[in-house]
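> One structure, pasted below without further comment.
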Amino acid sequence: MAQFSGGDFSYSEAFSRNIGWFSEAEQQRLRDCRVAIGGLGGVGGSHAITLARLGVGHFTISDLDVFDWPNMNRQAGALSSTIGQPKLEVMAKTLADINPEIQLRLLPRGIDEGNIDEFLAGADLYVDSLDIFALGLRRQVFARCRALGIPAVTAAPMGMGTAFLAFLPGGMSFEDYFCLDGHSFEDQVLKFIVGVSPSMQQRHYLLASRSVDLFEKKVPSTAIGIELAAGVACANAVKLLLGRGDVVAAPRGLHFDAFRNSLKRTWRPFGNRHPLQRLMFWYMRRRLGRNRA
C-alpha cells in the first residue's frame, strides 16, 4: 500500500469544482471508494487520471510494461522523459501529484490467476483496461468480478470513437455475452472486438485494413478514441459508485463515433450468438483475412 501526502493540499478545495454535479456527500463517497484498474497503457492511464480528478481516493493498479515510443500517440503517461520507465511507477506518481492523499495498492508483477483476488480485494468497481490481446486473463478477471459481486465496465477505443459495455452482478455475464469457447485465438480477439462494438462504426473510415493484424497482435489507435473511452467509462463508473443514474448493461451497449457524428445504442440478446453478431463477425473476418492474404 502506497500513501502520499503533500504540503498544503486540501481535498475539499482540490475537488470543489465537482460540487454541483456531485453533492458534498457524494464527493466524500468517491473519496472513500476503491477502483481496480489492471493495465495502465492505452485506456488504463486515462481512466485512472480521470477518476483521480473526480476525487476517487483509493486505487489498485497494475502493469508490467515500460513506456516506449509507439505509446506516444495515445497513452497518458507516455512522454519523452518517461520512455523506458515502468508504467506503474509513472502513473502512481501522476495520481499522487493529482491527489497527495491518494491511497494506492500497487501490483508491480502484474495480474495472474494467483493474485486476482488480491487485485480485486476491497474494490467497489473494476474498470477494464487490459491489453486487447490478454483475453485469457480478461476472462478470469471478469469471472472473478461476477463471483465477488463487483460491477465491471469496459470502454474500448474504436478508431475515433468508443464502445461501452457494463457487466453487473446478476446481469448477463462476460462469458455468455462474448461466447469465446471453441474458437482460435485470432477469432476470439475478433469476437471480442465485434462484441464490444456491435455496430462497428469505425470500419467505415479505416483506410488501411492491413494495419489490423490479429496474428501479429497489432491494431491502430488514436488519442481521440482513448479520451472518449475515458469519459464514457468514468461517467458510468461514478454512476455505479454513487448509485445514481442509469447504466447501460450487457446485452445492451453504446457506441459513440466522433468522426461519424453518430451515437448507436445496441441490443444483442444472446451476445455474439445473435444473428447480427454472427454476420458482422464473418464480414470482418473475411475482410481482414482477405487483406492479410
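How things are named: the first chain in the C-alpha cells is A, the next is B, and so on; residues count from 1 in each chain; ligands count from 1 in the order shown.
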I'd like the neighbourhood of Ile61 (chain A) as a VMD selection string, where a residue qualifies if any of its atoms comes within 7 Å (using only C-alpha atoms), though same-chain residues fewer than 2 positions away should be ignored.
chain A and resid 36 to 38 59 105 to 107
> Which residues of region 183-293 of chain A have any atom within 8 Å of an atom in region 148-167 of chain A when counting only C-alpha atoms, and what is the closest pair of atoms for each, with the distance in Å to one decimal? Order the rows by chain and rising number and write it as CSV.

```
residue,atom,partner,partner_atom,distance
A:Val196,CA,A:Ala163,CA,6.2
A:Ser197,CA,A:Ala163,CA,5.4
A:Gln202,CA,A:Gly159,CA,5.5
A:Leu206,CA,A:Gly159,CA,7.8
A:Pro220,CA,A:Gly159,CA,7.6
A:Ser221,CA,A:Gly159,CA,6.0
A:Thr222,CA,A:Gly159,CA,6.3
A:Ile224,CA,A:Met160,CA,5.3
A:Gly225,CA,A:Pro157,CA,4.3
A:Ile226,CA,A:Pro157,CA,5.2
A:Leu228,CA,A:Thr162,CA,6.0
A:Ala229,CA,A:Thr162,CA,5.1
A:Ala230,CA,A:Ala155,CA,7.3
A:Val232,CA,A:Ala155,CA,6.9
A:Ala233,CA,A:Ala155,CA,5.5
A:Asn236,CA,A:Val153,CA,7.9
A:Ala237,CA,A:Val153,CA,7.4
A:Leu240,CA,A:Pro151,CA,7.8
A:Val247,CA,A:Ala166,CA,7.6
A:Val248,CA,A:Ala166,CA,6.6
A:Ala249,CA,A:Ala166,CA,4.5
A:Ala250,CA,A:Ala166,CA,5.8
A:Arg252,CA,A:Leu165,CA,7.3
A:Gly253,CA,A:Leu165,CA,5.2
A:Leu254,CA,A:Phe164,CA,5.2
A:His255,CA,A:Ala163,CA,4.1
A:Phe256,CA,A:Gly161,CA,5.5
A:Asp257,CA,A:Gly161,CA,3.9
A:Ala258,CA,A:Gly161,CA,5.5
A:Phe259,CA,A:Met160,CA,5.8
```
> Taking the DSSP secondary structure from the backbone, can you list the residues of region 183-270 of chain A that are helix (DSSP H, G or I), as a PyMOL selection string?
chain A and resi 185-196+201-205+209-211+223-242
> Write out the residues from the selection above, keeping C-alpha atoms, as an mmCIF file, in the first residue's frame.

```
data_model
loop_
_atom_site.group_PDB
_atom_site.id
_atom_site.type_symbol
_atom_site.label_atom_id
_atom_site.label_comp_id
_atom_site.auth_asym_id
_atom_site.auth_seq_id
_atom_site.Cartn_x
_atom_site.Cartn_y
_atom_site.Cartn_z
ATOM 1 C CA PHE A 185 -7.096 -17.046 -30.534
ATOM 2 C CA GLU A 186 -7.410 -14.720 -33.548
ATOM 3 C CA ASP A 187 -11.143 -15.429 -33.843
ATOM 4 C CA GLN A 188 -11.550 -14.830 -30.101
ATOM 5 C CA VAL A 189 -9.911 -11.413 -30.450
ATOM 6 C CA LEU A 190 -12.181 -10.560 -33.370
ATOM 7 C CA LYS A 191 -15.222 -11.782 -31.448
ATOM 8 C CA PHE A 192 -14.188 -9.573 -28.550
ATOM 9 C CA ILE A 193 -13.863 -6.544 -30.856
ATOM 10 C CA VAL A 194 -17.205 -7.215 -32.558
ATOM 11 C CA GLY A 195 -18.819 -7.939 -29.197
ATOM 12 C CA VAL A 196 -17.664 -4.688 -27.622
ATOM 13 C CA GLN A 201 -18.878 2.131 -36.976
ATOM 14 C CA GLN A 202 -15.103 2.507 -37.235
ATOM 15 C CA ARG A 203 -14.998 0.125 -40.199
ATOM 16 C CA HIS A 204 -16.415 2.840 -42.458
ATOM 17 C CA TYR A 205 -13.284 5.014 -42.291
ATOM 18 C CA SER A 209 -7.210 -2.849 -43.368
ATOM 19 C CA ARG A 210 -3.647 -4.143 -43.409
ATOM 20 C CA SER A 211 -3.000 -2.021 -40.314
ATOM 21 C CA ALA A 223 -5.806 9.512 -28.653
ATOM 22 C CA ILE A 224 -9.305 10.610 -29.687
ATOM 23 C CA GLY A 225 -10.696 7.150 -29.028
ATOM 24 C CA ILE A 226 -8.733 6.848 -25.781
ATOM 25 C CA GLU A 227 -10.023 10.113 -24.304
ATOM 26 C CA LEU A 228 -13.609 9.446 -25.376
ATOM 27 C CA ALA A 229 -13.357 5.997 -23.804
ATOM 28 C CA ALA A 230 -12.159 7.517 -20.528
ATOM 29 C CA GLY A 231 -15.053 9.961 -20.477
ATOM 30 C CA VAL A 232 -17.691 7.321 -21.139
ATOM 31 C CA ALA A 233 -16.193 4.690 -18.829
ATOM 32 C CA CYS A 234 -15.684 7.122 -15.955
ATOM 33 C CA ALA A 235 -19.136 8.699 -16.297
ATOM 34 C CA ASN A 236 -20.618 5.248 -15.859
ATOM 35 C CA ALA A 237 -18.113 4.446 -13.131
ATOM 36 C CA VAL A 238 -19.341 7.314 -10.953
ATOM 37 C CA LYS A 239 -22.954 6.327 -11.605
ATOM 38 C CA LEU A 240 -22.183 2.873 -10.270
ATOM 39 C CA LEU A 241 -20.099 4.145 -7.355
ATOM 40 C CA LEU A 242 -22.748 6.655 -6.325
#
```
> Given the choices A:Arg17, A:Arg53, A:Gly42, A:Ala143, which gets closest to Asn73 (chain A) if the distance is worked out from only C-alpha atoms?
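Nearest candidate to Asn73 (chain A) out of A:Arg17, A:Arg53, A:Gly42, A:Ala143: A:Gly42.
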> Could you pull out the residues in region 16-84 of chain A that DSSP calls strand (DSSP E or B) from the backbone, as a ChimeraX atom specification?
/A:19,22,34-38,58-62,66
